[in-house]
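**Q** File follows, start-v4.txt with compact mmCIF, C-alpha atoms and all ligand atoms:
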```txt
# COMPACT_ATOMS: atom_id res chain seq x y z
CA MET X 1 109.78 15.05 -45.89
CA ARG X 2 109.21 17.78 -48.41
CA LYS X 3 111.71 20.04 -46.71
CA GLU X 4 114.26 17.27 -46.66
CA ILE X 5 113.87 16.76 -50.40
CA ASP X 6 114.29 20.45 -51.04
CA GLU X 7 117.46 20.54 -49.01
CA TYR X 8 118.89 17.62 -50.89
CA LEU X 9 118.06 19.06 -54.24
CA TYR X 10 119.50 22.43 -53.37
CA GLU X 11 122.67 20.95 -52.09
CA LYS X 12 123.33 18.34 -54.74
CA ILE X 13 121.59 19.28 -57.95
CA ILE X 14 120.43 22.86 -58.03
CA PRO X 15 123.84 24.44 -57.30
CA TYR X 16 125.10 23.47 -60.69
CA ARG X 17 122.07 25.12 -62.25
CA GLU X 18 122.55 28.32 -60.27
CA GLU X 19 126.12 28.49 -61.43
CA ARG X 20 125.06 28.14 -65.02
CA ARG X 21 122.41 30.78 -64.62
CA GLU X 22 125.07 33.27 -63.66
CA LYS X 23 127.22 32.24 -66.55
CA ASP X 24 124.82 32.21 -69.41
CA MET X 25 121.11 32.74 -69.64
CA ASP X 26 120.90 31.07 -73.03
CA ASP X 27 122.58 27.93 -71.85
CA ARG X 28 119.98 27.55 -69.21
CA LYS X 29 117.23 27.30 -71.79
CA ALA X 30 118.89 24.22 -73.20
CA TYR X 31 118.34 22.48 -69.89
CA GLY X 32 114.75 23.50 -69.57
CA GLY X 33 112.64 20.37 -69.36
CA VAL X 34 115.42 18.12 -68.10
CA PHE X 35 114.87 18.83 -64.49
CA ASP X 36 111.15 18.73 -64.36
CA LYS X 37 109.62 17.71 -61.07
CA ARG X 38 109.55 13.99 -61.83
CA THR X 39 113.20 14.04 -62.85
CA LEU X 40 114.19 15.91 -59.71
CA LEU X 41 112.40 13.33 -57.60
CA ALA X 42 114.13 10.53 -59.48
CA PHE X 43 117.47 12.21 -58.79
CA TYR X 44 116.50 12.51 -55.17
CA LYS X 45 115.87 8.78 -54.98
CA LEU X 46 119.28 7.96 -56.47
CA LEU X 47 120.98 10.39 -54.10
CA LYS X 48 119.10 9.00 -51.14
CA LYS X 49 120.02 5.44 -52.08
CA GLY X 50 123.64 6.48 -52.27
CA VAL X 51 124.05 5.56 -55.93
CA ILE X 52 124.92 9.16 -56.73
CA GLU X 53 126.56 11.47 -54.26
CA GLU X 54 126.78 14.58 -56.37
CA VAL X 55 125.88 15.74 -59.87
CA GLU X 56 128.78 17.71 -61.28
CA PHE X 57 128.19 19.09 -64.77
CA PRO X 58 126.76 18.17 -68.17
CA ILE X 59 129.07 16.25 -70.50
CA SER X 60 126.61 16.48 -73.33
CA THR X 61 123.19 17.89 -74.06
CA GLY X 62 121.06 16.28 -76.73
CA LYS X 63 117.60 16.25 -78.19
CA GLU X 64 116.42 13.23 -76.26
CA GLY X 65 118.37 13.79 -73.10
CA ASP X 66 121.50 14.95 -71.37
CA VAL X 67 124.51 13.16 -69.94
CA PHE X 68 126.10 14.42 -66.72
CA ARG X 69 129.21 13.55 -64.82
CA ALA X 70 128.41 12.62 -61.26
CA ILE X 71 130.26 11.31 -58.26
CA GLY X 72 129.39 7.94 -56.79
CA LYS X 73 130.74 5.81 -54.00
CA GLU X 74 133.63 4.54 -56.07
CA GLY X 75 134.38 7.55 -58.22
CA PHE X 76 132.95 9.19 -61.29
CA LEU X 77 129.75 8.09 -62.96
CA ALA X 78 127.98 9.03 -66.16
CA VAL X 79 124.30 9.81 -65.71
CA LYS X 80 122.00 9.86 -68.73
CA VAL X 81 118.77 11.73 -68.17
CA TYR X 82 116.05 11.19 -70.74
CA ARG X 83 113.85 14.13 -71.46
CA MET X 84 110.25 13.42 -70.57
CA SER X 85 108.70 15.89 -72.97
CA THR X 86 110.29 15.87 -76.41
CA ILE X 87 109.67 12.30 -77.40
CA ASN X 88 108.20 10.70 -80.45
CA TYR X 89 105.88 7.95 -79.26
CA LYS X 90 105.55 6.21 -82.61
CA GLY X 91 109.25 6.50 -83.36
CA LEU X 92 110.27 4.78 -80.15
CA SER X 93 107.49 2.17 -80.29
CA ARG X 94 108.91 0.69 -83.47
CA PHE X 95 112.01 -0.37 -81.56
CA ILE X 96 110.09 -1.78 -78.61
CA ASP X 97 107.32 -3.71 -80.37
CA GLY X 98 108.61 -7.02 -81.61
CA ASP X 99 111.27 -7.25 -78.91
CA ASP X 100 110.44 -10.31 -76.80
CA ARG X 101 112.25 -8.87 -73.82
CA PHE X 102 109.54 -6.19 -73.65
CA ALA X 103 106.61 -8.26 -74.85
CA HIS X 104 104.54 -7.88 -71.70
CA ILE X 105 105.14 -4.22 -71.10
CA HIS X 106 102.20 -1.92 -71.42
CA LYS X 107 103.26 1.37 -72.89
CA THR X 108 101.51 4.71 -72.85
CA ARG X 109 102.59 8.18 -73.88
CA ASP X 110 103.37 8.80 -70.25
CA THR X 111 105.55 5.77 -69.68
CA ILE X 112 107.31 5.30 -73.02
CA VAL X 113 110.37 7.32 -71.98
CA LEU X 114 110.71 5.21 -68.84
CA ILE X 115 110.54 2.06 -70.96
CA TRP X 116 113.07 3.55 -73.36
CA ALA X 117 115.49 4.25 -70.52
CA ARG X 118 114.95 0.73 -69.23
CA LYS X 119 115.57 -0.62 -72.71
CA GLU X 120 118.92 1.15 -72.87
CA PHE X 121 119.82 -0.29 -69.47
CA ARG X 122 118.80 -3.78 -70.59
CA ASN X 123 120.79 -3.52 -73.82
CA LEU X 124 123.79 -2.17 -71.95
CA SER X 125 123.55 -5.07 -69.48
CA ASP X 126 123.19 -7.67 -72.24
CA TYR X 127 126.17 -6.25 -74.12
CA TYR X 128 128.20 -5.99 -70.93
CA ARG X 129 127.49 -9.60 -70.09
CA SER X 130 128.67 -10.57 -73.57
CA ASN X 131 131.92 -8.75 -72.97
CA VAL X 132 131.25 -5.93 -75.39
CA ASN X 133 133.24 -2.87 -74.40
CA VAL X 134 130.38 -0.71 -73.13
CA PRO X 135 130.22 1.43 -69.99
CA LYS X 136 129.31 -0.83 -67.09
CA PRO X 137 125.62 -0.39 -66.21
CA VAL X 138 125.14 0.76 -62.62
CA ALA X 139 121.50 1.68 -62.00
CA ILE X 140 118.25 2.68 -63.64
CA TRP X 141 115.53 4.65 -61.93
CA LYS X 142 112.64 6.24 -63.83
CA ASN X 143 114.20 8.30 -66.64
CA ILE X 144 117.72 8.27 -65.21
CA LEU X 145 120.35 5.75 -66.24
CA VAL X 146 123.59 5.53 -64.28
CA MET X 147 126.67 3.93 -65.81
CA GLU X 148 130.42 3.81 -65.65
CA TYR X 149 132.05 7.07 -66.67
CA ILE X 150 134.64 6.79 -69.44
CA GLY X 151 137.34 9.43 -69.09
CA ASP X 152 139.31 10.94 -66.26
CA GLU X 153 139.23 13.80 -63.77
CA SER X 154 139.82 16.47 -66.36
CA ILE X 155 138.09 15.20 -69.54
CA PRO X 156 135.46 12.72 -70.60
CA ALA X 157 136.56 10.29 -73.32
CA PRO X 158 136.34 11.92 -76.77
CA LEU X 159 134.05 10.68 -79.52
CA LEU X 160 135.73 8.68 -82.26
CA LYS X 161 134.49 11.40 -84.61
CA ASN X 162 136.90 13.89 -83.02
CA VAL X 163 139.97 11.68 -82.87
CA MET X 164 139.56 9.58 -86.00
CA GLU X 165 142.71 10.93 -87.60
CA ASP X 166 144.81 10.71 -84.44
CA VAL X 167 144.21 7.17 -83.24
CA SER X 168 146.09 4.14 -84.47
CA LYS X 169 144.59 1.61 -86.87
CA GLU X 170 144.57 -0.78 -83.97
CA VAL X 171 141.51 1.03 -82.59
CA GLY X 172 139.75 0.27 -85.87
CA TYR X 173 140.55 -3.43 -85.59
CA CYS X 174 139.27 -3.35 -82.01
CA ILE X 175 136.02 -1.82 -83.28
CA ILE X 176 135.58 -4.78 -85.66
CA GLU X 177 136.14 -7.07 -82.70
CA GLU X 178 133.47 -5.19 -80.71
CA MET X 179 131.07 -5.51 -83.64
CA ARG X 180 131.72 -9.24 -83.67
CA LYS X 181 130.92 -9.44 -79.97
CA MET X 182 127.72 -7.46 -80.52
CA MET X 183 126.64 -10.04 -83.09
CA LYS X 184 127.45 -12.80 -80.62
CA ALA X 185 125.23 -11.01 -78.10
CA LYS X 186 122.51 -11.19 -80.78
CA LEU X 187 121.71 -7.51 -80.51
CA VAL X 188 121.99 -5.13 -83.46
CA HIS X 189 123.15 -1.71 -82.25
CA GLY X 190 121.18 0.22 -84.85
CA ASP X 191 122.91 3.59 -84.50
CA LEU X 192 126.54 2.68 -84.83
CA SER X 193 128.79 5.44 -86.08
CA GLU X 194 131.74 7.63 -85.12
CA TYR X 195 129.25 9.58 -82.97
CA ASN X 196 128.45 6.65 -80.70
CA ILE X 197 131.92 5.29 -80.07
CA LEU X 198 134.19 6.77 -77.42
CA VAL X 199 137.93 6.22 -77.49
CA TRP X 200 139.86 6.00 -74.25
CA GLU X 201 143.40 4.71 -73.79
CA GLU X 202 143.37 3.38 -77.34
CA LYS X 203 140.26 1.34 -76.66
CA PRO X 204 136.84 1.85 -78.26
CA TYR X 205 133.72 2.02 -76.08
CA ILE X 206 130.32 1.49 -77.66
CA ILE X 207 127.62 3.81 -76.28
CA ASP X 208 124.04 4.97 -76.95
CA VAL X 209 122.44 1.54 -77.14
CA ALA X 210 118.78 2.33 -76.41
CA GLN X 211 117.65 1.52 -79.93
CA ALA X 212 119.49 -1.83 -80.16
CA VAL X 213 117.18 -4.69 -81.11
CA PRO X 214 117.49 -8.49 -80.99
CA VAL X 215 118.60 -10.09 -84.27
CA ASP X 216 115.14 -11.60 -84.79
CA HIS X 217 113.41 -8.21 -84.55
CA PRO X 218 111.57 -7.04 -87.72
CA MET X 219 113.90 -4.05 -88.06
CA ALA X 220 117.13 -5.90 -87.28
CA ASP X 221 118.29 -6.52 -90.86
CA GLU X 222 117.65 -2.99 -92.01
CA LEU X 223 119.52 -1.60 -88.99
CA LEU X 224 122.41 -4.03 -89.40
CA VAL X 225 122.88 -3.03 -93.05
CA ARG X 226 122.97 0.60 -92.00
CA ASP X 227 125.46 -0.07 -89.19
CA ILE X 228 127.72 -1.98 -91.56
CA LYS X 229 127.60 0.75 -94.21
CA ASN X 230 128.39 3.39 -91.62
CA MET X 231 131.24 1.46 -90.13
CA VAL X 232 132.84 0.63 -93.47
CA ARG X 233 132.92 4.36 -94.15
CA VAL X 234 134.41 5.03 -90.69
CA LEU X 235 136.97 2.21 -90.92
CA ASN X 236 138.07 3.38 -94.37
CA LYS X 237 138.57 6.85 -92.96
CA MET X 238 140.73 5.31 -90.26
CA GLY X 239 142.92 3.78 -92.93
CA ILE X 240 141.50 0.27 -92.83
CA ARG X 241 140.58 -0.93 -96.31
CA ILE X 242 137.53 -3.07 -95.96
CA GLU X 243 134.39 -3.56 -98.05
CA GLU X 244 130.88 -4.19 -96.86
CA ARG X 245 130.83 -7.85 -97.79
CA GLU X 246 134.21 -8.39 -96.14
CA LEU X 247 132.96 -6.83 -92.92
CA VAL X 248 129.84 -9.01 -93.05
CA LYS X 249 132.12 -12.02 -93.34
CA GLU X 250 134.29 -10.80 -90.47
CA LEU X 251 131.22 -10.49 -88.28
CA GLU X 252 130.13 -14.01 -89.07
CA VAL X 253 126.62 -12.76 -89.81
CA ILE X 254 124.56 -15.76 -90.78
N1 LIG Z 1 129.65 6.52 -70.07
C1 LIG Z 1 130.02 7.70 -70.59
N2 LIG Z 1 131.21 8.27 -70.21
C2 LIG Z 1 131.59 9.45 -70.72
N3 LIG Z 1 130.88 10.16 -71.61
C3 LIG Z 1 129.69 9.65 -72.02
C4 LIG Z 1 129.22 8.41 -71.53
N4 LIG Z 1 128.02 8.15 -72.11
C5 LIG Z 1 127.76 9.20 -72.92
N5 LIG Z 1 128.76 10.11 -72.89
C6 LIG Z 1 128.81 11.39 -73.62
O1 LIG Z 1 127.48 11.87 -73.79
C7 LIG Z 1 127.19 11.99 -75.16
C8 LIG Z 1 125.74 11.61 -75.42
O2 LIG Z 1 125.50 10.27 -75.06
P1 LIG Z 1 124.67 9.29 -75.97
O3 LIG Z 1 124.43 8.06 -75.18
O4 LIG Z 1 125.33 9.14 -77.29
O5 LIG Z 1 123.27 10.05 -76.09
P2 LIG Z 1 122.56 10.85 -77.28
O6 LIG Z 1 123.42 10.75 -78.52
O7 LIG Z 1 121.26 10.17 -77.43
O8 LIG Z 1 122.44 12.25 -76.76
C9 LIG Z 1 128.18 11.13 -75.88
O9 LIG Z 1 128.44 11.60 -77.18
C10 LIG Z 1 129.40 11.21 -75.00
O10 LIG Z 1 130.14 12.37 -75.31
MG MG Z 2 124.77 9.43 -79.26
```
Let me see the structure of the file written as structure tokens.
Ligand SMILES: Nc1ncnc2c1ncn2[C@@H]1O[C@H](COP(=O)(O)OP(=O)(O)O)[C@@H](O)[C@H]1O
Ligand SMILES: [Mg+2]
**A**
Amino acid sequence: MRKEIDEYLYEKIIPYREERREKDMDDRKAYGGVFDKRTLLAFYKLLKKGVIEEVEFPISTGKEGDVFRAIGKEGFLAVKVYRMSTINYKGLSRFIDGDDRFAHIHKTRDTIVLIWARKEFRNLSDYYRSNVNVPKPVAIWKNILVMEYIGDESIPAPLLKNVMEDVSKEVGYCIIEEMRKMMKAKLVHGDLSEYNILVWEEKPYIIDVAQAVPVDHPMADELLVRDIKNMVRVLNKMGIRIEERELVKELEVI
């Protein structure tokens, strides 16, 4: 069994690391901690189940985790890997406590990242079901979340931040529509900005939803105000004149 796992890992995951090692020693450091043993085993499980067939390359590396492009049965996938080590227990707990969907979950320092990953999957699923334009959730296993990949063969979809001046106003109006749908889903995103919206074929995709909380959560109002302020700034930049109270009205926030 052990040998089999090793072979899998070498074939499907490690090659990309070896390649990077040759390219740049410094880059490699940035990935330290992502592929700890538990993460490798989680990858193994997803490969074995056939959810993922191959991990290609990182699309993004962040503080809390990395996102990779992978190949699945039906084409490309985006795979978000949460880092097990660099987490802030208290910080994350604030978004989990008070959420009825996680009321019976026992969290410890060891499991909080797994719960966090699960929370992102749950939020993604709830948004998806409410027709919000989010990447379609595919699978969750341990600290690895698999979802629809937004982009094509040669590039992943750009962040709104990088195309704000190039896209039509129509994209801005679509974003307001997505915000309305998020309210209908009764989940406040909580980190909405030009950094968490992708634009692909003139359509906005809302991403990074781990911190989203139900509208009756103690932090919901504070987060909603922040989201609205952020988005008014973004929409204004995109040439849409709208004020905070107008956006609130548009969203039918009660
Ligand atoms: N489904 C996806 N398809 C294509 N790119 C994605 C997808 N999800 C995330 N990304 C890319 O990965 C980056 C990081 O993802 P995000 O969920 O925002 O995590 P974080 O900001 O916590 O690192 C995004 O800015 C985006 O460039
Ligand atoms: Mg993000």
**Q** For a quick check of understanding, using all atoms listed in the file, which of X:Asn88, X:Glu120, X:Val163, X:Ala220 has the smallest distance to Thr108 (chain X)?
**A**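 Result for the nearest residue to Thr108 (chain X): X:Asn88.
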**Q** With all atoms listed in the file as the basis for distance, which of X:Asn131, X:Thr61, X:Ser154, X:Thr111 is at the shortest distance from ligand LIG 1 (chain Z)?
**A**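 That would be X:Thr61, the residue with the smallest distance to ligand LIG 1 (chain Z).
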**Q** From the options X:Glu194, X:Asp97, X:Glu177, X:Glu74, which residue's atoms come nearest to ligand LIG 1 (chain Z), counting all atoms listed in the file?
**A** X:Glu194
**Q** In Å, with one decimal, what is the gap from atom C6 of ligand LIG 1 (chain Z) to CA of Lys37 (chain X)?
**A**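 These two atoms are separated by 23.8 Å.
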**Q** What are the nearest atom pairs, with distances in Å to one decimal, for all residues of chain X that come at most 8 Å from ligand LIG 1 (chain Z), using only C-alpha atoms and all ligand atoms, set out by chain and rising residue number as a tab-separated table?
**A**
```
residue	atom	partner	partner_atom	distance
X:Ile59	CA	Z:LIG1	O1	5.7
X:Ser60	CA	Z:LIG1	O1	4.7
X:Thr61	CA	Z:LIG1	O8	6.3
X:Gly62	CA	Z:LIG1	O8	4.3
X:Lys63	CA	Z:LIG1	O8	6.4
X:Glu64	CA	Z:LIG1	O7	5.8
X:Gly65	CA	Z:LIG1	O8	5.7
X:Asp66	CA	Z:LIG1	O8	6.1
X:Val67	CA	Z:LIG1	O1	5.0
X:Phe68	CA	Z:LIG1	O1	7.6
X:Arg69	CA	Z:LIG1	C2	7.6
X:Leu77	CA	Z:LIG1	N1	7.3
X:Ala78	CA	Z:LIG1	N1	4.9
X:Val79	CA	Z:LIG1	N4	7.6
X:Lys80	CA	Z:LIG1	N4	7.1
X:Val134	CA	Z:LIG1	N1	7.9
X:Pro135	CA	Z:LIG1	N1	5.1
X:Lys136	CA	Z:LIG1	N1	7.9
X:Met147	CA	Z:LIG1	N1	5.8
X:Glu148	CA	Z:LIG1	N1	5.2
X:Tyr149	CA	Z:LIG1	N2	3.8
X:Ile150	CA	Z:LIG1	N2	3.8
X:Gly151	CA	Z:LIG1	C2	6.0
X:Pro156	CA	Z:LIG1	C2	5.1
X:Ala157	CA	Z:LIG1	C2	5.7
X:Pro158	CA	Z:LIG1	O10	6.4
X:Leu159	CA	Z:LIG1	O10	6.0
X:Tyr195	CA	Z:LIG1	O9	6.2
X:Asn196	CA	Z:LIG1	O4	5.3
X:Ile197	CA	Z:LIG1	O9	7.8
X:Leu198	CA	Z:LIG1	C10	7.0
X:Ile207	CA	Z:LIG1	O3	5.4
X:Asp208	CA	Z:LIG1	O3	3.6
X:Val209	CA	Z:LIG1	O3	7.1
```
**Q** Kindly indicate which residue among X:Met164, X:Val199, X:Ile206, X:Val171 lies nearest to ligand MG 2 (chain Z), using only C-alpha atoms and all ligand atoms for the distances.
**A**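 Closest residue, counting only C-alpha atoms and all ligand atoms: X:Ile206.
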**Q** With only C-alpha atoms as the counted atoms, please give the residues lying no more than 10 Å from Gly75 (chain X), apart from itself and same-chain residues fewer than 2 positions off, as a list in words.
**A**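 Residues near the query, excluding close chain neighbours: Ile52, Glu53, Ala70, Ile71, Gly72, Lys73, Leu77, Glu148, Tyr149 and Glu153 of chain X.
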**Q** Would you write out those residues with C-alpha atoms, as a compact mmCIF listing (two decimals), in the frame of the given file?
**A**
```
# COMPACT_ATOMS: atom_id res chain seq x y z
CA ILE X 52 124.92 9.16 -56.73
CA GLU X 53 126.56 11.47 -54.26
CA ALA X 70 128.41 12.62 -61.26
CA ILE X 71 130.26 11.31 -58.26
CA GLY X 72 129.39 7.94 -56.79
CA LYS X 73 130.74 5.81 -54.00
CA LEU X 77 129.75 8.09 -62.96
CA GLU X 148 130.42 3.81 -65.65
CA TYR X 149 132.05 7.07 -66.67
CA GLU X 153 139.23 13.80 -63.77
```
**Q** Using all atoms listed in the file, find the one residue out of X:Phe76, X:Met179, X:Leu192, X:Leu92 that sits nearest to ligand MG 2 (chain Z).
**A** X:Leu192
**Q** Between X:Lys3, X:Lys107, X:Arg94, X:Arg83, which has the minimum distance to Ile144 (chain X) (counting only C-alpha atoms)?
**A** X:Arg83
**Q** Work out how far CA of Gly190 (chain X) is from CA of Tyr127 (chain X), in Å to one decimal.
**A**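 Distance reported for this atom pair: 13.5 Å.
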**Q** Got a sec: who's within 7 Å of Val132 (chain X), counting all atoms listed in the file, leaving out chain neighbours fewer than 3 positions off, as a VMD selection string?
**A** chain X and resid 127 to 128 178 181 to 182
**Q** Report, in Å with one decimal, the straight-line distance from CA of Lys45 (chain X) to CA of Lys142 (chain X).
**A** 9.8 Å
**Q** Taking the point (117.5, 15.6, -58.0) as given in the file, collect each protein or nucleic acid residue that comes within 6 Å of it, counting all atoms listed in the file, and present the set as a PyMOL selection string.
**A** chain X and resi 9+13+40-41+43-44
**Q** For Lys229 (chain X), list every protein, DNA or RNA residue within 12 Å, evaluated using all atoms listed in the file, and leave out those in the same chain fewer than 3 positions away; present the list as a list in words.
**A**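 Listed by chain and then number, they are Gly190, Asp191, Leu192, Ser193, Glu222, Leu223, Leu224, Val225, Arg226, Val232, Arg233, Val234, Leu235, Asn236, Ile242, Glu243, Glu244, Arg245, Glu246, Leu247 and Val248 of chain X.
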